[in-house]
$ cat start_11.cif   # mmCIF, C-alpha atoms
data_data
#
loop_
_atom_site.label_atom_id
_atom_site.label_comp_id
_atom_site.auth_asym_id
_atom_site.auth_seq_id
_atom_site.Cartn_x
_atom_site.Cartn_y
_atom_site.Cartn_z
CA MET A 1 -19.42 35.54 -31.25
CA PHE A 2 -16.55 38.00 -31.30
CA ILE A 3 -14.30 38.66 -28.36
CA VAL A 4 -11.36 41.04 -28.12
CA ASP A 5 -8.65 41.23 -25.53
CA LYS A 6 -8.18 44.41 -23.55
CA ALA A 7 -5.22 45.51 -25.68
CA ALA A 8 -7.44 45.56 -28.75
CA ALA A 9 -10.54 46.92 -27.06
CA ALA A 10 -9.41 50.53 -27.33
CA THR A 11 -9.72 50.38 -31.10
CA MET A 12 -13.26 49.10 -31.16
CA ASP A 13 -14.98 52.48 -31.04
CA ASN A 14 -13.52 53.36 -34.43
CA LYS A 15 -13.32 51.52 -37.71
CA ILE A 16 -10.29 49.21 -37.63
CA PRO A 17 -8.01 49.54 -40.68
CA ALA A 18 -8.55 46.63 -43.03
CA PRO A 19 -5.61 44.25 -43.48
CA LYS A 20 -3.81 44.07 -46.80
CA ILE A 21 -3.35 40.29 -46.63
CA ILE A 22 -5.38 37.69 -44.75
CA PHE A 23 -3.78 34.32 -43.99
CA PHE A 24 -6.05 31.35 -43.29
CA ASP A 25 -5.21 28.02 -41.73
CA ILE A 26 -7.21 25.19 -43.33
CA ASP A 27 -8.13 22.48 -40.85
CA ASP A 28 -10.62 23.59 -38.17
CA THR A 29 -10.32 27.19 -39.39
CA LEU A 30 -11.70 27.17 -42.93
CA SER A 31 -12.51 23.47 -43.13
CA ARG A 32 -13.86 20.59 -41.07
CA ASN A 33 -12.75 17.06 -41.90
CA GLY A 34 -10.91 18.33 -44.95
CA ILE A 35 -13.90 20.10 -46.55
CA ILE A 36 -14.26 23.88 -46.59
CA ALA A 37 -17.45 25.15 -44.98
CA GLU A 38 -19.84 26.56 -47.57
CA HIS A 39 -20.12 29.90 -45.79
CA ASN A 40 -16.32 30.19 -45.59
CA GLN A 41 -15.98 29.52 -49.31
CA ALA A 42 -18.62 32.16 -50.01
CA THR A 43 -16.70 34.61 -47.82
CA LEU A 44 -13.44 33.95 -49.65
CA GLU A 45 -15.17 34.49 -52.98
CA ALA A 46 -16.56 37.81 -51.72
CA LEU A 47 -13.17 38.90 -50.36
CA ALA A 48 -11.56 38.11 -53.71
CA LYS A 49 -13.48 41.04 -55.17
CA THR A 50 -11.64 43.42 -52.80
CA ASP A 51 -8.01 44.55 -52.86
CA ILE A 52 -7.10 42.23 -49.98
CA LYS A 53 -4.71 39.39 -50.79
CA LEU A 54 -5.94 35.96 -49.64
CA VAL A 55 -3.39 33.31 -48.71
CA ILE A 56 -3.61 29.84 -47.19
CA SER A 57 -1.12 29.08 -44.41
CA THR A 58 -1.15 25.39 -43.49
CA GLY A 59 1.00 22.61 -42.15
CA ARG A 60 -0.34 20.26 -44.80
CA SER A 61 1.91 18.88 -47.49
CA LYS A 62 1.44 20.34 -50.96
CA ALA A 63 0.78 16.79 -52.13
CA ILE A 64 -2.38 16.45 -50.02
CA LEU A 65 -3.88 19.91 -50.17
CA PRO A 66 -7.68 19.61 -50.44
CA GLU A 67 -9.10 19.82 -53.94
CA ASP A 68 -11.53 22.57 -52.93
CA ILE A 69 -8.64 24.76 -51.74
CA LEU A 70 -6.63 24.16 -54.92
CA ALA A 71 -9.72 25.00 -56.99
CA LEU A 72 -9.93 28.37 -55.24
CA LEU A 73 -6.31 29.09 -56.19
CA GLU A 74 -7.00 28.10 -59.78
CA ALA A 75 -10.06 30.35 -59.85
CA ASP A 76 -8.02 33.34 -58.60
CA VAL A 77 -9.96 33.48 -55.35
CA LEU A 78 -6.76 32.68 -53.46
CA ASP A 79 -3.54 34.50 -54.33
CA ALA A 80 -1.06 32.00 -52.89
CA ILE A 81 -0.58 29.04 -50.56
CA ILE A 82 1.96 28.55 -47.78
CA CYS A 83 2.22 24.86 -46.95
CA MET A 84 4.36 22.49 -44.92
CA ASN A 85 4.62 25.02 -42.09
CA GLY A 86 6.28 27.71 -44.18
CA GLN A 87 8.69 25.34 -45.88
CA TYR A 88 7.07 25.77 -49.31
CA SER A 89 5.10 28.71 -50.73
CA PHE A 90 3.63 29.00 -54.21
CA ASN A 91 1.03 30.63 -56.43
CA LYS A 92 -0.34 29.85 -59.89
CA GLU A 93 2.90 31.01 -61.49
CA GLY A 94 5.11 28.71 -59.44
CA ILE A 95 7.28 28.56 -56.33
CA ILE A 96 7.65 31.73 -54.27
CA SER A 97 10.01 30.23 -51.66
CA HIS A 98 11.07 26.80 -50.45
CA TYR A 99 13.42 25.35 -47.85
CA PRO A 100 14.34 21.70 -48.44
CA LEU A 101 15.63 19.57 -45.59
CA THR A 102 19.35 18.84 -45.82
CA ASP A 103 20.78 15.32 -45.94
CA THR A 104 22.11 15.85 -42.43
CA GLN A 105 18.66 16.80 -41.18
CA THR A 106 16.83 13.90 -42.85
CA ASN A 107 19.37 11.35 -41.64
CA LYS A 108 19.12 12.64 -38.08
CA ILE A 109 15.32 12.66 -38.19
CA VAL A 110 15.22 9.05 -39.40
CA LEU A 111 17.52 7.99 -36.56
CA LEU A 112 15.31 9.74 -33.99
CA CYS A 113 12.15 8.14 -35.39
CA LYS A 114 13.70 4.67 -35.47
CA LYS A 115 14.94 5.09 -31.89
CA SER A 116 11.40 5.95 -30.79
CA GLU A 117 9.93 3.17 -32.96
CA LEU A 118 7.56 5.56 -34.69
CA ILE A 119 6.00 5.39 -38.12
CA HIS A 120 6.82 8.62 -39.90
CA LYS A 121 6.50 10.24 -43.30
CA PHE A 122 8.49 12.71 -45.34
CA ASP A 123 6.69 15.33 -47.44
CA SER A 124 7.79 16.48 -50.87
CA ALA A 125 6.00 18.79 -53.28
CA THR A 126 4.40 15.78 -54.97
CA HIS A 127 4.17 12.95 -52.42
CA ILE A 128 3.99 11.95 -48.80
CA ALA A 129 6.17 8.89 -48.26
CA TRP A 130 5.68 6.58 -45.27
CA SER A 131 8.37 4.61 -43.51
CA ASP A 132 6.00 1.71 -42.74
CA GLU A 133 2.35 0.69 -42.93
CA ASN A 134 -0.41 -0.48 -40.63
CA ASP A 135 -4.02 -1.34 -41.43
CA ARG A 136 -5.14 2.28 -41.25
CA LEU A 137 -2.32 3.51 -43.50
CA ARG A 138 -2.89 0.77 -46.05
CA GLU A 139 -6.49 1.92 -46.33
CA TYR A 140 -5.41 5.56 -46.57
CA ASN A 141 -2.77 4.88 -49.22
CA ALA A 142 -5.27 2.92 -51.30
CA ILE A 143 -7.45 6.00 -51.73
CA THR A 144 -4.75 8.70 -51.75
CA PRO A 145 -2.68 8.61 -54.97
CA ASN A 146 0.09 10.87 -53.64
CA SER A 147 0.55 8.85 -50.45
CA ILE A 148 3.07 6.04 -50.85
CA LEU A 149 5.08 3.50 -48.85
CA ASP A 150 8.76 4.19 -49.41
CA PRO A 151 11.07 4.31 -46.38
CA ASP A 152 13.98 5.46 -48.55
CA TYR A 153 12.09 8.19 -50.41
CA TYR A 154 14.00 10.99 -48.70
CA LYS A 155 17.31 9.70 -50.05
CA ALA A 156 16.50 10.46 -53.68
CA ASN A 157 13.87 13.21 -53.44
CA THR A 158 13.64 16.77 -52.15
CA VAL A 159 11.64 16.76 -48.91
CA TYR A 160 10.53 19.60 -46.64
CA GLN A 161 9.20 18.18 -43.38
CA CYS A 162 8.66 14.97 -41.46
CA SER A 163 5.54 13.95 -39.55
CA VAL A 164 5.42 11.41 -36.72
CA PHE A 165 2.43 9.53 -35.35
CA PHE A 166 2.14 8.55 -31.72
CA ASN A 167 -0.84 6.15 -31.60
CA ASN A 168 -2.24 8.14 -28.66
CA GLN A 169 1.17 8.24 -26.97
CA GLU A 170 1.84 11.96 -26.92
CA GLU A 171 4.58 11.48 -24.36
CA LYS A 172 6.81 9.90 -27.00
CA MET A 173 9.79 11.98 -28.12
CA GLN A 174 9.19 14.50 -25.32
CA ASP A 175 12.63 13.71 -23.90
CA VAL A 176 14.42 14.23 -27.23
CA ASP A 177 16.62 17.33 -27.37
CA PHE A 178 15.73 18.42 -30.89
CA ALA A 179 17.41 21.80 -30.43
CA GLN A 180 20.87 20.26 -30.34
CA ASP A 181 20.33 19.25 -33.96
CA ASP A 182 18.65 22.56 -34.92
CA LEU A 183 15.29 20.80 -35.15
CA LYS A 184 11.96 21.11 -33.35
CA LEU A 185 8.83 19.04 -32.71
CA VAL A 186 5.55 20.88 -33.37
CA HIS A 187 2.30 19.16 -32.34
CA TRP A 188 -0.68 19.50 -34.66
CA HIS A 189 -2.78 16.85 -32.88
CA HIS A 190 -2.57 14.75 -29.73
CA ILE A 191 -1.49 11.77 -31.86
CA GLY A 192 0.89 13.52 -34.22
CA ALA A 193 3.49 16.22 -34.76
CA ASP A 194 5.88 17.59 -37.35
CA ILE A 195 9.66 17.53 -37.12
CA LEU A 196 11.06 20.66 -38.74
CA PRO A 197 14.20 22.80 -38.86
CA ALA A 198 14.32 25.10 -35.85
CA GLU A 199 13.83 28.17 -38.03
CA ALA A 200 10.84 26.76 -39.95
CA SER A 201 7.38 28.16 -39.27
CA LYS A 202 4.33 29.61 -40.94
CA ALA A 203 5.80 32.99 -39.95
CA ARG A 204 8.75 32.47 -42.30
CA GLY A 205 6.32 31.74 -45.12
CA ILE A 206 4.40 34.91 -44.27
CA ILE A 207 7.61 36.97 -44.34
CA ASP A 208 8.32 35.57 -47.80
CA LEU A 209 4.82 36.46 -49.01
CA CYS A 210 5.06 39.95 -47.52
CA LEU A 211 8.30 40.51 -49.41
CA HIS A 212 6.73 39.11 -52.57
CA TYR A 213 3.77 41.50 -52.35
CA ASP A 214 5.70 44.40 -50.73
CA ILE A 215 3.40 44.47 -47.68
CA ASP A 216 4.34 44.97 -44.03
CA ALA A 217 3.49 42.13 -41.65
CA LYS A 218 1.71 44.59 -39.36
CA ASP A 219 -0.84 45.03 -42.14
CA CYS A 220 -1.63 41.31 -42.17
CA MET A 221 -4.38 39.32 -40.47
CA ALA A 222 -4.18 35.60 -39.69
CA PHE A 223 -6.81 33.07 -38.62
CA GLY A 224 -5.72 29.85 -36.90
CA ASP A 225 -6.41 27.28 -34.23
CA GLY A 226 -3.33 25.12 -33.63
CA MET A 227 0.12 25.09 -32.10
CA ASN A 228 1.80 25.52 -35.49
CA ASP A 229 0.11 28.95 -35.68
CA LEU A 230 2.02 30.43 -32.72
CA GLU A 231 4.82 32.09 -34.67
CA MET A 232 2.35 33.33 -37.26
CA PHE A 233 0.32 35.00 -34.51
CA ASP A 234 3.40 36.68 -33.08
CA LEU A 235 4.26 38.18 -36.47
CA VAL A 236 1.06 39.58 -37.95
CA GLY A 237 -0.73 42.76 -36.94
CA TYR A 238 -4.08 41.06 -36.37
CA ALA A 239 -3.99 37.51 -34.96
CA VAL A 240 -7.40 35.80 -34.69
CA ALA A 241 -7.91 32.55 -32.78
CA MET A 242 -10.91 30.39 -33.60
CA GLY A 243 -13.25 29.59 -30.72
CA ASP A 244 -12.00 26.01 -30.43
CA ALA A 245 -8.32 26.92 -30.75
CA LYS A 246 -5.64 25.62 -28.42
CA GLN A 247 -5.48 27.63 -25.20
CA GLU A 248 -1.80 28.43 -25.78
CA LEU A 249 -2.75 30.04 -29.10
CA ILE A 250 -5.71 31.94 -27.64
CA ALA A 251 -3.30 33.46 -25.11
CA ARG A 252 -1.23 34.87 -28.00
CA ALA A 253 -4.19 36.13 -30.06
CA ASP A 254 -5.27 39.73 -30.50
CA PHE A 255 -8.83 38.56 -31.13
CA VAL A 256 -10.80 35.43 -30.27
CA THR A 257 -13.82 34.57 -32.37
CA GLY A 258 -16.31 31.72 -32.73
CA THR A 259 -15.86 28.32 -34.30
CA ILE A 260 -16.48 27.51 -37.95
CA GLU A 261 -20.06 26.55 -37.09
CA GLU A 262 -20.50 29.83 -35.22
CA TYR A 263 -19.40 31.80 -38.31
CA GLY A 264 -16.29 32.96 -36.48
CA ILE A 265 -14.45 34.31 -39.51
CA GLN A 266 -17.47 36.27 -40.64
CA ALA A 267 -17.88 37.85 -37.18
CA VAL A 268 -14.37 39.26 -37.33
CA LEU A 269 -14.68 40.54 -40.88
CA GLU A 270 -17.94 42.24 -39.96
CA GLN A 271 -16.21 44.01 -37.08
CA PHE A 272 -13.50 45.15 -39.49
CA HIS A 273 -16.16 46.33 -41.96
CA ILE A 274 -14.72 43.99 -44.60
CA ALA A 275 -16.95 42.48 -47.30
CA SER A 276 -17.97 38.94 -46.30
#

$ encode --input "start_11.cif" --output "structure tokens"
Amino acid sequence: MFIVDKAAAATMDNKIPAPKIIFFDIDDTLSRNGIIAEHNQATLEALAKTDIKLVISTGRSKAILPEDILALLEADVLDAIICMNGQYSFNKEGIISHYPLTDTQTNKIVLLCKKSELIHKFDSATHIAWSDENDRLREYNAITPNSILDPDYYKANTVYQCSVFFNNQEEKMQDVDFAQDDLKLVHWHHIGADILPAEASKARGIIDLCLHYDIDAKDCMAFGDGMNDLEMFDLVGYAVAMGDAKQELIARADFVTGTIEEYGIQAVLEQFHIAS
């Protein structure tokens, strides 16, 4: 399955120029349930033999990046990782860019979460720290070494984003004017969202990586499926929505492909005549 919008259709009769960097979201783009699909891993390994840079662009905290993704970075299949919605970017050599939350921002976020009576977590480069626990979180923390209960963690540690969980109450916090505090709420699921600085996005991480590698954003491709991919899609030259992506993202995409199970990434790369 490979669908193009009418704006892109005019290029289909000729070979489309290959991108110089490809950015991949993780969840529901490369991976299902936190595990990369075997055919997607094989494709990344094949792409690593080309001159194209391969970069992860995810909302996940660095502390809970999947082991299979980190192994690909260690094996030089991936060139870099953008995590925490552009708040932190790194490669094997170290940090490329990072944007810690200020004390003013963290204090305001905590007040907003307490007012809405929501369990929340702050993400650092090493841990995710929860404000409270329930049965599900106790089970999760027991099997996740970097996930801890510490409502005051943000006071003594550098943190980059906050996540809130709605318990199937997506309407919560919808009346909060985040913009007045230079913040925003970005949904990644119907039961959860991230609270970030207004200027934070995967797009900012991509700009940082483009500067790092001296590549123009118009020469970049990005694959994604969620609402935190919107700014990324507006920036890159080739924006590809997965077949089960949010409708709002599909509307912003240059290309729409199949799902993971439909080999959506491979269909696009084949159309671009890129090794897959």

$ closest_residue --input "start_11.cif" --among "A:Thr104, A:Ser97, A:Ser163, A:Gln87" --to "Leu211 in chain A" --atoms "all atoms listed in the file"
A:Ser97

$ residues_near_point --input "start_11.cif" --point "(7.4, 11.5, -46.0)" --cutoff "7 Å" --atoms "only C-alpha atoms" --output "mmCIF file with C-alpha atoms, in the coordinates of the input"
data_model
loop_
_atom_site.group_PDB
_atom_site.id
_atom_site.type_symbol
_atom_site.label_atom_id
_atom_site.label_comp_id
_atom_site.auth_asym_id
_atom_site.auth_seq_id
_atom_site.Cartn_x
_atom_site.Cartn_y
_atom_site.Cartn_z
ATOM 1 C CA HIS A 120 6.820 8.620 -39.900
ATOM 2 C CA LYS A 121 6.500 10.240 -43.300
ATOM 3 C CA PHE A 122 8.490 12.710 -45.340
ATOM 4 C CA ASP A 123 6.690 15.330 -47.440
ATOM 5 C CA SER A 124 7.790 16.480 -50.870
ATOM 6 C CA ILE A 128 3.990 11.950 -48.800
ATOM 7 C CA ALA A 129 6.170 8.890 -48.260
ATOM 8 C CA TRP A 130 5.680 6.580 -45.270
ATOM 9 C CA CYS A 162 8.660 14.970 -41.460
#

$ resolve_selection --input "start_11.cif" --expression "the PyMOL selection byres ((chain A and resi 99) around 7)" --output "list of chain:residue names"
A:Gln87, A:Tyr88, A:His98, A:Pro100, A:Leu101, A:Tyr160

$ closest_residue --input "start_11.cif" --among "A:Asp229, A:Asp76, A:Asp219, A:Asp208" --to "Ala46 in chain A" --atoms "only C-alpha atoms"
A:Asp76

$ residues_around --input "start_11.cif" --residues "Thr50 in chain A" --least-positions-apart "3" --cutoff "10 Å" --atoms "all atoms listed in the file" --output "mmCIF file with C-alpha atoms, in the frame of the given file"
data_model
loop_
_atom_site.group_PDB
_atom_site.id
_atom_site.type_symbol
_atom_site.label_atom_id
_atom_site.label_comp_id
_atom_site.auth_asym_id
_atom_site.auth_seq_id
_atom_site.Cartn_x
_atom_site.Cartn_y
_atom_site.Cartn_z
ATOM 1 C CA LYS A 20 -3.810 44.070 -46.800
ATOM 2 C CA GLU A 45 -15.170 34.490 -52.980
ATOM 3 C CA ALA A 46 -16.560 37.810 -51.720
ATOM 4 C CA LEU A 47 -13.170 38.900 -50.360
ATOM 5 C CA LYS A 53 -4.710 39.390 -50.790
ATOM 6 C CA LEU A 54 -5.940 35.960 -49.640
ATOM 7 C CA ILE A 274 -14.720 43.990 -44.600
ATOM 8 C CA ALA A 275 -16.950 42.480 -47.300
#

$ atom_distance --input "start_11.cif" --atom1 "CA of Cys113 in chain A" --atom2 "CA of Ile143 in chain A"
25.6 Å

$ residues_around --input "start_11.cif" --residues "Ile69 in chain A" --least-positions-apart "5" --cutoff "9 Å" --atoms "all atoms listed in the file" --output "ChimeraX atom specification"
/A:26,35-36,56,74,78

$ write_last_selection --input "start_11.cif" --atoms "C-alpha atoms" --output "compact mmCIF listing (two decimals), in the coordinates of the input"
# COMPACT_ATOMS: atom_id res chain seq x y z
CA ILE A 26 -7.21 25.19 -43.33
CA ILE A 35 -13.90 20.10 -46.55
CA ILE A 36 -14.26 23.88 -46.59
CA ILE A 56 -3.61 29.84 -47.19
CA GLU A 74 -7.00 28.10 -59.78
CA LEU A 78 -6.76 32.68 -53.46

$ resolve_selection --input "start_11.cif" --expression "the PyMOL selection byres ((chain A and resi 179) around 12)" --output "count of residues only"
16

$ residues_around --input "start_11.cif" --residues "Thr106 in chain A" --least-positions-apart "3" --cutoff "9 Å" --atoms "all atoms listed in the file" --output "list in words"
Leu101, Thr102, Asp103, Ile109, Val110, Leu111, Phe122, Tyr154, Lys155, Val159, Gln161 and Cys162 of chain A

$ atom_distance --input "start_11.cif" --atom1 "CA of Ile191 in chain A" --atom2 "CA of Ile206 in chain A"
26.9 Å

$ atom_distance --input "start_11.cif" --atom1 "CA of Val164 in chain A" --atom2 "CA of Ala253 in chain A"
27.3 Å

$ resolve_selection --input "start_11.cif" --expression "the PyMOL selection byres ((chain A and resi 23) around 12)" --output "JSON, numbers by chain"
{"A": [19, 20, 21, 22, 24, 25, 26, 29, 30, 44, 52, 53, 54, 55, 56, 57, 58, 78, 79, 80, 81, 82, 83, 202, 203, 205, 206, 207, 209, 210, 217, 219, 220, 221, 222, 223, 224, 229, 232, 233, 235, 236, 237, 238, 239, 240, 265]}

$ closest_residue --input "start_11.cif" --among "A:Arg32, A:Ala37, A:Asp194, A:Tyr153" --to "Ser61 in chain A" --atoms "only C-alpha atoms"
A:Asp194

$ closest_residue --input "start_11.cif" --among "A:Lys92, A:Gln266, A:Thr126, A:Gly192" --to "Ala75 in chain A" --atoms "all atoms listed in the file"
A:Lys92

$ build_atoms --input "start_11.cif" --residues "range 193-204 of chain A" --atoms "N, CA, C and O atoms" --output "mmCIF file, in the coordinates of the input"
data_model
loop_
_atom_site.group_PDB
_atom_site.id
_atom_site.type_symbol
_atom_site.label_atom_id
_atom_site.label_comp_id
_atom_site.auth_asym_id
_atom_site.auth_seq_id
_atom_site.Cartn_x
_atom_site.Cartn_y
_atom_site.Cartn_z
ATOM 1 N N ALA A 193 2.726 14.982 -34.763
ATOM 2 C CA ALA A 193 3.490 16.220 -34.760
ATOM 3 C C ALA A 193 4.410 16.245 -35.968
ATOM 4 O O ALA A 193 4.642 15.218 -36.618
ATOM 5 N N ASP A 194 4.925 17.425 -36.260
ATOM 6 C CA ASP A 194 5.880 17.590 -37.350
ATOM 7 C C ASP A 194 7.273 17.816 -36.776
ATOM 8 O O ASP A 194 7.438 18.491 -35.754
ATOM 9 N N ILE A 195 8.263 17.252 -37.439
ATOM 10 C CA ILE A 195 9.660 17.530 -37.120
ATOM 11 C C ILE A 195 10.188 18.446 -38.225
ATOM 12 O O ILE A 195 10.137 18.114 -39.411
ATOM 13 N N LEU A 196 10.681 19.609 -37.803
ATOM 14 C CA LEU A 196 11.060 20.660 -38.740
ATOM 15 C C LEU A 196 12.391 21.283 -38.336
ATOM 16 O O LEU A 196 12.810 21.162 -37.172
ATOM 17 N N PRO A 197 13.046 21.983 -39.251
ATOM 18 C CA PRO A 197 14.200 22.800 -38.860
ATOM 19 C C PRO A 197 13.772 23.826 -37.812
ATOM 20 O O PRO A 197 12.624 24.299 -37.826
ATOM 21 N N ALA A 198 14.656 24.176 -36.937
ATOM 22 C CA ALA A 198 14.320 25.100 -35.850
ATOM 23 C C ALA A 198 13.770 26.422 -36.361
ATOM 24 O O ALA A 198 12.901 27.026 -35.733
ATOM 25 N N GLU A 199 14.247 26.870 -37.510
ATOM 26 C CA GLU A 199 13.830 28.170 -38.030
ATOM 27 C C GLU A 199 12.552 28.103 -38.870
ATOM 28 O O GLU A 199 12.025 29.136 -39.298
ATOM 29 N N ALA A 200 12.034 26.909 -39.113
ATOM 30 C CA ALA A 200 10.840 26.760 -39.950
ATOM 31 C C ALA A 200 9.587 27.153 -39.178
ATOM 32 O O ALA A 200 9.453 26.874 -37.994
ATOM 33 N N SER A 201 8.670 27.808 -39.863
ATOM 34 C CA SER A 201 7.380 28.160 -39.270
ATOM 35 C C SER A 201 6.512 28.804 -40.325
ATOM 36 O O SER A 201 7.002 29.251 -41.367
ATOM 37 N N LYS A 202 5.215 28.881 -40.050
ATOM 38 C CA LYS A 202 4.330 29.610 -40.940
ATOM 39 C C LYS A 202 4.757 31.080 -41.028
ATOM 40 O O LYS A 202 4.566 31.726 -42.066
ATOM 41 N N ALA A 203 5.353 31.594 -39.948
ATOM 42 C CA ALA A 203 5.800 32.990 -39.950
ATOM 43 C C ALA A 203 6.839 33.229 -41.039
ATOM 44 O O ALA A 203 6.825 34.284 -41.700
ATOM 45 N N ARG A 204 7.742 32.281 -41.246
ATOM 46 C CA ARG A 204 8.750 32.470 -42.300
ATOM 47 C C ARG A 204 8.078 32.536 -43.671
ATOM 48 O O ARG A 204 8.451 33.353 -44.516
#
